[in-house]
$ cat run-v7.cif   # mmCIF, C-alpha atoms and all ligand atoms
data_start
#
loop_
_atom_site.label_atom_id
_atom_site.label_comp_id
_atom_site.auth_asym_id
_atom_site.auth_seq_id
_atom_site.Cartn_x
_atom_site.Cartn_y
_atom_site.Cartn_z
CA MET A 1 153.41 101.59 126.65
CA THR A 2 151.33 103.61 129.11
CA GLU A 3 149.67 106.59 127.52
CA ASN A 4 151.36 109.82 128.58
CA LEU A 5 148.89 111.67 130.78
CA TRP A 6 150.91 114.88 131.06
CA ARG A 7 149.51 118.00 129.42
CA SER A 8 150.84 118.11 125.86
CA THR A 9 152.47 121.52 126.37
CA ILE A 10 154.73 120.29 129.15
CA GLN A 11 155.74 116.87 127.85
CA HIS A 12 159.19 118.04 126.83
CA LEU A 13 159.99 119.96 129.99
CA ASP A 14 162.75 118.83 132.32
CA PRO A 15 162.98 119.80 135.99
CA TYR A 16 165.07 122.90 136.69
CA ILE A 17 168.62 121.89 137.53
CA PRO A 18 170.16 124.42 139.90
CA GLY A 19 173.87 124.72 140.54
CA GLN A 20 174.89 121.51 142.27
CA ALA A 21 173.06 121.51 145.59
CA ALA A 22 175.25 121.02 148.63
CA LYS A 23 173.33 117.96 149.75
CA ASP A 24 173.78 116.19 146.41
CA ALA A 25 177.46 116.90 146.58
CA GLU A 26 177.78 115.44 150.02
CA ASN A 27 176.04 112.31 148.80
CA GLN A 28 177.85 112.05 145.50
CA GLY A 29 181.35 113.07 146.30
CA ASN A 30 181.67 112.71 150.07
CA LEU A 31 183.17 116.15 150.06
CA LYS A 32 184.43 117.64 153.29
CA GLU A 33 183.26 121.10 152.35
CA VAL A 34 181.32 122.78 149.61
CA VAL A 35 181.99 126.21 148.12
CA ARG A 36 178.94 127.26 146.12
CA LEU A 37 179.89 129.48 143.22
CA ALA A 38 177.26 128.15 140.79
CA THR A 39 174.03 129.86 141.84
CA ASN A 40 174.96 133.50 142.43
CA GLU A 41 174.19 133.47 146.13
CA ASN A 42 175.54 136.14 148.45
CA PRO A 43 178.67 134.69 150.13
CA HIS A 44 178.28 137.03 153.12
CA GLY A 45 174.85 135.79 154.15
CA PRO A 46 171.86 137.90 155.20
CA SER A 47 172.26 141.15 157.14
CA PRO A 48 172.55 140.52 160.92
CA LYS A 49 169.45 142.71 161.32
CA ALA A 50 167.54 140.49 158.90
CA ILE A 51 168.65 137.40 160.84
CA ALA A 52 167.47 138.90 164.15
CA SER A 53 164.15 139.86 162.62
CA MET A 54 163.64 136.40 161.13
CA GLN A 55 164.47 134.73 164.45
CA LYS A 56 161.78 136.83 166.08
CA ALA A 57 159.28 136.00 163.35
CA ILE A 58 159.75 132.25 163.89
CA LEU A 59 158.13 132.64 167.31
CA GLU A 60 154.95 133.63 165.48
CA GLY A 61 155.23 130.73 163.07
CA HIS A 62 151.84 129.37 164.11
CA PHE A 63 150.13 132.43 162.61
CA TYR A 64 149.56 132.78 158.89
CA PRO A 65 151.63 135.54 157.32
CA ASP A 66 149.97 138.73 156.15
CA LEU A 67 147.92 137.81 153.09
CA THR A 68 149.56 140.25 150.68
CA SER A 69 152.78 141.11 152.59
CA LEU A 70 151.64 144.64 153.37
CA ALA A 71 154.63 145.54 155.58
CA LEU A 72 157.03 144.63 152.79
CA ARG A 73 154.96 146.44 150.15
CA LYS A 74 154.94 149.55 152.34
CA LYS A 75 158.69 149.40 152.89
CA LEU A 76 159.35 148.94 149.15
CA GLY A 77 156.87 151.72 148.44
CA SER A 78 158.74 154.16 150.64
CA ILE A 79 162.11 153.22 149.16
CA HIS A 80 161.13 153.35 145.49
CA GLY A 81 158.46 156.04 145.73
CA ILE A 82 155.89 153.70 144.17
CA ASP A 83 152.51 153.10 145.82
CA PRO A 84 152.35 149.85 147.90
CA GLU A 85 149.28 148.90 145.84
CA ASN A 86 151.48 148.55 142.78
CA TYR A 87 153.52 145.60 144.10
CA CYS A 88 152.99 141.88 144.06
CA ILE A 89 155.15 139.87 146.49
CA GLY A 90 155.89 136.25 145.67
CA ASN A 91 157.78 133.16 146.71
CA GLY A 92 160.97 134.25 144.93
CA ALA A 93 161.32 135.89 141.53
CA ASP A 94 160.82 132.45 139.97
CA ASN A 95 157.30 132.46 141.34
CA ILE A 96 156.78 135.99 139.99
CA ILE A 97 157.93 134.95 136.49
CA THR A 98 155.41 132.10 136.58
CA LEU A 99 152.69 134.55 137.67
CA VAL A 100 153.48 137.10 134.96
CA ILE A 101 153.43 134.56 132.16
CA ALA A 102 150.33 132.80 133.53
CA SER A 103 148.60 136.19 133.82
CA TYR A 104 149.26 137.34 130.28
CA VAL A 105 150.05 134.59 127.79
CA ASN A 106 147.18 132.75 126.06
CA PRO A 107 147.86 129.46 124.25
CA GLY A 108 149.47 130.20 120.90
CA GLU A 109 150.74 133.65 121.90
CA GLU A 110 154.40 134.51 121.59
CA VAL A 111 156.93 135.58 124.20
CA VAL A 112 160.03 137.29 122.79
CA TYR A 113 163.40 137.42 124.58
CA CYS A 114 167.09 136.92 123.84
CA THR A 115 169.28 133.90 124.58
CA PRO A 116 171.39 132.94 126.41
CA THR A 117 169.27 133.99 129.36
CA PHE A 118 167.44 132.72 132.42
CA SER A 119 165.76 129.41 131.59
CA GLU A 120 162.49 130.05 133.41
CA TYR A 121 161.08 132.25 130.63
CA HIS A 122 161.20 129.31 128.24
CA LYS A 123 159.70 126.80 130.67
CA ASN A 124 156.83 129.00 131.82
CA THR A 125 155.93 130.01 128.27
CA LEU A 126 155.63 126.34 127.28
CA LEU A 127 153.67 125.64 130.45
CA VAL A 128 150.83 127.94 129.37
CA GLY A 129 150.90 126.78 125.74
CA GLY A 130 152.71 129.90 124.50
CA THR A 131 155.52 130.02 121.97
CA PRO A 132 158.99 131.19 123.05
CA ILE A 133 160.65 133.33 120.37
CA GLU A 134 164.35 133.29 121.15
CA ILE A 135 166.60 135.89 119.53
CA PRO A 136 170.39 135.62 119.85
CA THR A 137 172.06 138.28 121.99
CA THR A 138 174.42 140.69 120.22
CA LYS A 139 178.08 139.72 119.71
CA ASP A 140 178.91 141.36 123.02
CA TYR A 141 176.22 139.25 124.73
CA LYS A 142 173.69 142.05 125.23
CA PHE A 143 169.95 141.82 124.66
CA ASP A 144 169.38 142.76 121.00
CA LEU A 145 166.54 145.22 121.41
CA GLU A 146 166.26 146.06 117.68
CA ALA A 147 166.04 142.39 116.73
CA MET A 148 163.44 141.85 119.44
CA LEU A 149 161.29 144.67 118.04
CA GLU A 150 161.60 143.16 114.56
CA ALA A 151 160.48 139.77 115.93
CA ILE A 152 157.18 141.17 117.23
CA THR A 153 154.18 139.81 115.33
CA GLU A 154 150.39 139.86 115.69
CA LYS A 155 150.79 136.95 118.11
CA THR A 156 153.31 138.60 120.47
CA LYS A 157 152.01 139.17 124.00
CA LEU A 158 155.13 139.59 126.14
CA VAL A 159 158.68 140.76 125.60
CA ILE A 160 161.16 139.97 128.36
CA VAL A 161 164.41 141.85 128.97
CA CYS A 162 166.75 140.35 131.55
CA ASN A 163 168.87 143.30 132.65
CA PRO A 164 171.54 142.59 133.86
CA ASN A 165 171.34 139.38 131.92
CA ASN A 166 171.97 135.97 133.42
CA PRO A 167 174.38 134.28 132.48
CA THR A 168 176.26 137.03 130.62
CA GLY A 169 176.07 139.80 133.25
CA THR A 170 175.63 142.46 130.55
CA ILE A 171 173.29 145.45 130.57
CA VAL A 172 171.77 147.35 127.67
CA ASP A 173 172.03 151.10 127.26
CA ASP A 174 169.23 152.54 129.39
CA LYS A 175 168.29 155.20 126.84
CA GLU A 176 167.88 152.49 124.23
CA LEU A 177 165.83 150.44 126.66
CA ARG A 178 163.49 153.36 127.35
CA ALA A 179 163.09 153.92 123.60
CA PHE A 180 162.40 150.19 123.17
CA PHE A 181 159.58 150.32 125.73
CA ARG A 182 158.11 153.38 124.03
CA ARG A 183 158.15 151.70 120.62
CA LEU A 184 156.24 148.58 121.72
CA PRO A 185 152.81 148.04 120.15
CA ARG A 186 149.99 148.79 122.62
CA LYS A 187 148.97 145.15 122.95
CA VAL A 188 152.45 144.02 124.00
CA VAL A 189 153.52 143.99 127.66
CA ALA A 190 157.19 144.31 128.64
CA VAL A 191 158.78 142.41 131.50
CA LEU A 192 162.04 143.70 132.93
CA ASP A 193 163.82 141.09 135.05
CA GLU A 194 166.12 143.02 137.39
CA ALA A 195 167.10 140.13 139.67
CA TYR A 196 170.62 141.64 139.67
CA GLY A 197 169.49 145.24 139.22
CA GLU A 198 170.93 146.43 142.54
CA PHE A 199 174.46 145.58 141.35
CA ILE A 200 174.39 148.09 138.48
CA SER A 201 176.80 150.89 139.40
CA VAL A 202 176.62 153.02 136.24
CA PRO A 203 175.88 156.60 137.42
CA ASN A 204 172.33 157.81 136.70
CA TYR A 205 171.39 154.53 135.02
CA SER A 206 167.59 154.23 134.79
CA THR A 207 165.93 151.09 136.16
CA GLY A 208 162.41 149.71 136.33
CA VAL A 209 161.63 152.16 139.12
CA GLU A 210 161.93 155.09 136.72
CA TYR A 211 160.13 153.30 133.87
CA VAL A 212 157.17 152.38 136.04
CA LYS A 213 156.96 155.94 137.42
CA GLU A 214 156.96 157.23 133.85
CA GLY A 215 153.91 155.07 133.14
CA LEU A 216 155.65 152.79 130.64
CA PRO A 217 154.06 149.36 130.00
CA VAL A 218 156.69 147.52 132.04
CA ILE A 219 156.40 144.92 134.79
CA THR A 220 159.65 144.97 136.75
CA ILE A 221 160.79 141.90 138.67
CA ARG A 222 163.25 141.89 141.58
CA THR A 223 164.46 139.44 144.19
CA PHE A 224 165.93 139.28 147.69
CA SER A 225 168.00 136.23 146.68
CA LYS A 226 171.05 138.05 145.36
CA LEU A 227 172.19 141.33 146.94
CA TYR A 228 170.19 140.74 150.13
CA GLY A 229 171.41 137.17 150.68
CA LEU A 230 167.95 135.68 151.26
CA ALA A 231 167.90 133.02 148.52
CA GLY A 232 166.93 130.34 151.01
CA MET A 233 163.97 132.37 152.27
CA ARG A 234 162.36 132.88 148.82
CA VAL A 235 161.16 136.45 148.38
CA GLY A 236 160.71 138.17 145.04
CA TYR A 237 158.43 140.90 143.81
CA ALA A 238 157.01 142.70 140.82
CA PHE A 239 155.87 146.28 140.45
CA ALA A 240 154.00 147.97 137.64
CA LYS A 241 151.21 150.44 136.98
CA ASP A 242 147.71 149.48 138.22
CA GLU A 243 146.31 147.74 135.19
CA LEU A 244 149.46 145.68 134.66
CA ILE A 245 150.00 144.52 138.25
CA ARG A 246 146.34 143.67 138.94
CA PRO A 247 146.23 140.26 137.17
CA LEU A 248 149.33 139.13 139.08
CA GLN A 249 147.66 140.06 142.35
CA ALA A 250 144.58 138.10 141.27
CA VAL A 251 146.49 134.98 140.23
CA ARG A 252 148.93 135.00 143.16
CA GLU A 253 148.37 132.28 145.73
CA PRO A 254 147.37 133.62 149.16
CA PHE A 255 150.22 133.78 151.72
CA ALA A 256 152.83 133.33 148.95
CA CYS A 257 155.49 135.04 151.05
CA ASN A 258 155.95 133.38 154.42
CA ARG A 259 156.13 135.27 157.71
CA VAL A 260 159.86 134.70 158.30
CA ALA A 261 160.82 135.65 154.75
CA GLU A 262 158.80 138.86 154.87
CA ALA A 263 160.37 139.87 158.21
CA GLY A 264 163.84 139.20 156.78
CA ALA A 265 163.16 141.17 153.62
CA VAL A 266 161.84 144.23 155.47
CA ALA A 267 164.84 144.26 157.84
CA ALA A 268 167.28 143.70 154.96
CA LEU A 269 165.91 146.80 153.22
CA GLU A 270 166.44 148.81 156.40
CA ASP A 271 170.10 147.80 156.71
CA GLU A 272 171.66 150.21 154.21
CA ASP A 273 175.17 149.83 155.69
CA TYR A 274 175.20 146.09 155.18
CA LYS A 275 173.98 146.46 151.62
CA GLU A 276 176.76 148.96 150.86
CA LYS A 277 179.33 146.65 152.43
CA VAL A 278 178.21 143.72 150.25
CA LEU A 279 178.34 145.90 147.12
CA ARG A 280 181.82 147.21 147.97
CA GLU A 281 183.16 143.73 148.66
CA ASN A 282 181.59 142.41 145.44
CA SER A 283 183.20 145.03 143.23
CA LYS A 284 186.58 144.70 144.94
CA GLU A 285 186.58 140.92 144.52
CA MET A 286 185.26 141.17 140.97
CA GLU A 287 188.21 143.34 139.98
CA LYS A 288 190.63 140.91 141.61
CA MET A 289 189.01 137.89 139.93
CA ILE A 290 189.01 139.47 136.49
CA LYS A 291 192.77 140.02 136.75
CA ALA A 292 193.28 136.47 138.00
CA PHE A 293 191.21 134.90 135.19
CA ARG A 294 193.03 136.97 132.58
CA ALA A 295 196.35 135.82 134.03
CA LEU A 296 195.09 132.26 133.46
CA GLY A 297 194.54 133.07 129.77
CA CYS A 298 190.73 133.37 129.98
CA SER A 299 188.66 136.15 128.41
CA VAL A 300 186.42 137.97 130.83
CA GLU A 301 184.76 141.36 131.14
CA GLU A 302 183.39 143.16 134.16
CA THR A 303 179.70 142.42 134.69
CA HIS A 304 176.93 144.33 136.46
CA THR A 305 176.15 141.44 138.79
CA ASN A 306 177.69 139.19 141.44
CA PHE A 307 179.05 136.71 138.88
CA LEU A 308 181.42 136.53 135.93
CA PHE A 309 180.81 135.05 132.46
CA ILE A 310 184.19 133.64 131.51
CA ASP A 311 185.50 132.27 128.24
CA MET A 312 187.86 129.61 129.57
CA LYS A 313 188.87 128.50 126.07
CA LYS A 314 188.51 124.87 127.10
CA ASP A 315 185.63 122.50 127.76
CA THR A 316 184.37 123.87 131.06
CA ALA A 317 182.52 120.67 131.90
CA ILE A 318 185.92 119.03 132.47
CA ILE A 319 187.21 121.94 134.53
CA ALA A 320 183.97 122.03 136.55
CA ASN A 321 184.32 118.32 137.34
CA GLU A 322 187.86 118.80 138.57
CA LEU A 323 186.74 121.68 140.77
CA PHE A 324 183.78 119.66 141.98
CA SER A 325 186.14 117.01 143.31
CA LYS A 326 187.74 119.75 145.42
CA GLY A 327 184.36 120.95 146.68
CA PHE A 328 184.08 124.02 144.42
CA PHE A 329 180.91 124.35 142.33
CA ILE A 330 180.85 126.54 139.24
CA ARG A 331 178.31 126.66 136.41
CA PRO A 332 179.47 125.38 133.01
CA CYS A 333 177.52 127.11 130.23
CA ALA A 334 177.13 124.24 127.73
CA ALA A 335 173.38 124.11 128.35
CA TRP A 336 173.22 127.68 127.02
CA GLY A 337 175.27 126.69 123.98
CA TYR A 338 178.61 127.97 125.34
CA PRO A 339 180.67 124.87 126.16
CA GLU A 340 183.83 126.88 126.77
CA HIS A 341 182.23 129.44 129.06
CA ALA A 342 181.61 129.24 132.78
CA ARG A 343 179.46 131.39 135.01
CA ILE A 344 181.18 131.81 138.35
CA THR A 345 179.75 133.62 141.36
CA ILE A 346 181.96 136.14 143.13
CA GLY A 347 182.53 134.39 146.46
CA SER A 348 184.24 135.44 149.66
CA ALA A 349 187.80 136.79 149.32
CA GLU A 350 189.23 133.62 150.81
CA ASN A 351 187.27 131.23 148.61
CA ASN A 352 188.00 133.30 145.51
CA ASP A 353 191.73 132.95 146.20
CA ARG A 354 191.37 129.22 146.74
CA LEU A 355 189.37 128.87 143.50
CA ILE A 356 192.10 130.60 141.52
CA GLN A 357 194.73 128.43 143.16
CA HIS A 358 192.82 125.27 142.17
CA LEU A 359 192.35 126.59 138.65
CA GLN A 360 196.05 127.34 138.32
CA GLU A 361 196.76 123.72 139.21
CA ILE A 362 194.03 122.30 136.97
CA MET A 363 194.96 124.42 133.99
CA THR A 364 198.67 123.78 134.19
CA GLU A 365 198.11 120.02 134.07
CA THR A 366 199.03 119.00 130.50
CA SER A 367 195.54 117.95 129.45
CA TYR A 368 194.03 121.34 130.34
CA GLN A 369 196.76 123.63 129.10
CA LEU A 370 195.37 126.65 127.26
C1 LIG A 401 167.60 136.60 136.03
C2 LIG A 401 166.98 135.88 137.16
N1 LIG A 401 165.68 136.06 137.41
C3 LIG A 401 165.06 135.45 138.42
C4 LIG A 401 165.75 134.60 139.25
C5 LIG A 401 165.03 133.89 140.35
O1 LIG A 401 165.35 134.39 141.59
P1 LIG A 401 164.65 133.87 142.92
O2 LIG A 401 165.71 133.23 143.73
O3 LIG A 401 164.09 135.10 143.56
O4 LIG A 401 163.57 132.92 142.52
C6 LIG A 401 167.10 134.37 139.05
C7 LIG A 401 167.85 133.44 139.91
O5 LIG A 401 168.98 133.12 139.71
C8 LIG A 401 167.73 135.02 137.97
O6 LIG A 401 169.03 134.84 137.71
#
$ encode --input "run-v7.cif" --output "structure tokens" --more "lines below"
Ligand SMILES: Cc1ncc(COP(=O)(O)O)c(C=O)c1O
Amino acid sequence: MTENLWRSTIQHLDPYIPGQAAKDAENQGNLKEVVRLATNENPHGPSPKAIASMQKAILEGHFYPDLTSLALRKKLGSIHGIDPENYCIGNGADNIITLVIASYVNPGEEVVYCTPTFSEYHKNTLLVGGTPIEIPTTKDYKFDLEAMLEAITEKTKLVIVCNPNNPTGTIVDDKELRAFFRRLPRKVVAVLDEAYGEFISVPNYSTGVEYVKEGLPVITIRTFSKLYGLAGMRVGYAFAKDELIRPLQAVREPFACNRVAEAGAVAALEDEDYKEKVLRENSKEMEKMIKAFRALGCSVEETHTNFLFIDMKKDTAIIANELFSKGFFIRPCAAWGYPEHARITIGSAENNDRLIQHLQEIMTETSYQL
């Protein structure tokens, strides 16, 4: 047998498997159409202003983008009231997660977070030779901040809080989160993944913006893939106080955010009306879908995101396969250890109705009856 030449720390890693990509589906199932409800994309697309701005930027595609995405950092700075110097713009939040972990975690150091959560924390920790310390979420699927504090040892370097959490959609109490950050030992850095942060509608709820302004040891991560509908363009960012953001800026590859993506992100931030429209539509459809899932006998709670975490009370792999044959992609949660749960993106009103109609048919067939 050929000797395995891979680095020992990555020998057990598998490639990231996203929600079924449309292309694969076309090849595998010869489907006429594909409704993507497995990857939490924005069903309404980017803002028309972002599209116009990106189209213009393509004409300058022969020029490198700005090295550090200054225009986007300035725009974010003016919106959040945080100095442009305190941002790091990357090729999606995935890229930022890689940068944070590569910047902070030495081989043998521990990274503490709860599960189920976003899989990239695990992969990137292994990649640098760190040790993932995975704590179960609470019974109501929230990050267990007390248990995370108890899990901190001499070896802990990072703690990661995904808030709202993916795949559960839950948020922690913000006062408890602030207290958690304050109680961290000085040598531990906190990462707050707010990929879905813009969907939180709890009045006066504190986010990473407030924590960073208060000088807490928190690196906040955000993305343009969800609310802003730019998943295909790949723009994500981190912000933190000087000494915490600096290593990310040093490790970041030059030109990480391409010219078209940066133009789209800046214009998307300027289009407040479109953002509000997407948020309104999302909460209206979420309410409708919760009622519909409950009528099907499923257990589901409102989330603070653009997806639902649903206890379907049946093997969701089977249901997902049936839906797949009709061109609808959802995310079964078996890989997270929840074989009867599904994570389903809130789609357009029309596709949501069609999904429920398909589910009614699938679930009333004898073999799937609840
Ligand atoms: C919690 C969380 N963080 C980060 C990301 C990565 O987002 P991006 O598309 O910006 O790489 C995702 C994507 O689904 C996510 O759910």
$ residues_around --input "run-v7.cif" --residues "stretch 286-295 of chain A" --least-positions-apart "3" --cutoff "12 Å" --atoms "only C-alpha atoms" --output "ChimeraX atom specification"
/A:199,278-283,298-313,342,344-360,363,370
$ residues_around --input "run-v7.cif" --residues "A:Ala268" --least-positions-apart "6" --cutoff "7 Å" --atoms "all atoms listed in the file" --output "PyMOL selection string"
chain A and resi 47+49-50+228
$ axis_aligned_box --input "run-v7.cif" --around "ligand LIG 401 (chain A)" --padding-each-side "8 Å" --output "lines of an AutoDock Vina configuration file"
center_x = 166.3
center_y = 134.8
center_z = 139.9
size_x = 21.5
size_y = 19.7
size_z = 23.7
$ residues_near_ligand --input "run-v7.cif" --ligand "ligand LIG 401 (chain A)" --cutoff "6 Å" --atoms "all atoms listed in the file" --output "PyMOL selection string"
chain A and resi 92-94+118+162+166+193+195+223+225+231+234-236
$ residues_around --input "run-v7.cif" --residues "A:Ile79" --least-positions-apart "5" --cutoff "12 Å" --atoms "only C-alpha atoms" --output "PyMOL selection string"
chain A and resi 72-74+84+209+266+269-270+272
$ closest_residue --input "run-v7.cif" --among "A:Gly108, A:Gly169, A:Pro15, A:Gly45" --to "A:Ile200" --atoms "all atoms listed in the file"
A:Gly169
$ closest_residue --input "run-v7.cif" --among "A:Arg343, A:Arg7, A:Lys314, A:Lys326" --to "A:Leu126" --atoms "only C-alpha atoms"
A:Arg7
$ residues_around --input "run-v7.cif" --residues "A:Ser119" --least-positions-apart "3" --cutoff "12 Å" --atoms "all atoms listed in the file" --output "PyMOL selection string"
chain A and resi 13-18+94+97-98+113-116+122-126+132+134+160+162+165-167+335-336
$ residues_around --input "run-v7.cif" --residues "A:Arg186" --least-positions-apart "2" --cutoff "12 Å" --atoms "only C-alpha atoms" --output "number ranges by chain"
A: 152, 154, 156-158, 181-184, 188-190, 216-218
$ write_last_selection --input "run-v7.cif" --atoms "C-alpha atoms" --output "short mmCIF file (atom, residue, chain, number, x, y, z; two decimals), in the frame of the given file"
data_model
loop_
_atom_site.label_atom_id
_atom_site.label_comp_id
_atom_site.auth_asym_id
_atom_site.auth_seq_id
_atom_site.Cartn_x
_atom_site.Cartn_y
_atom_site.Cartn_z
CA ILE A 152 157.18 141.17 117.23
CA GLU A 154 150.39 139.86 115.69
CA THR A 156 153.31 138.60 120.47
CA LYS A 157 152.01 139.17 124.00
CA LEU A 158 155.13 139.59 126.14
CA PHE A 181 159.58 150.32 125.73
CA ARG A 182 158.11 153.38 124.03
CA ARG A 183 158.15 151.70 120.62
CA LEU A 184 156.24 148.58 121.72
CA VAL A 188 152.45 144.02 124.00
CA VAL A 189 153.52 143.99 127.66
CA ALA A 190 157.19 144.31 128.64
CA LEU A 216 155.65 152.79 130.64
CA PRO A 217 154.06 149.36 130.00
CA VAL A 218 156.69 147.52 132.04
#
$ atom_distance --input "run-v7.cif" --atom1 "atom CA of A:Ala147" --atom2 "atom CA of A:Ile135"
7.1 Å
$ atom_distance --input "run-v7.cif" --atom1 "atom CA of A:Val202" --atom2 "atom CA of A:Thr137"
21.0 Å
$ atom_distance --input "run-v7.cif" --atom1 "atom CA of A:Val212" --atom2 "atom CA of A:Ala240"
5.7 Å
$ closest_residue --input "run-v7.cif" --among "A:Ile318, A:Glu340, A:Glu176, A:Gly215" --to "A:Ile362" --atoms "all atoms listed in the file"
A:Ile318
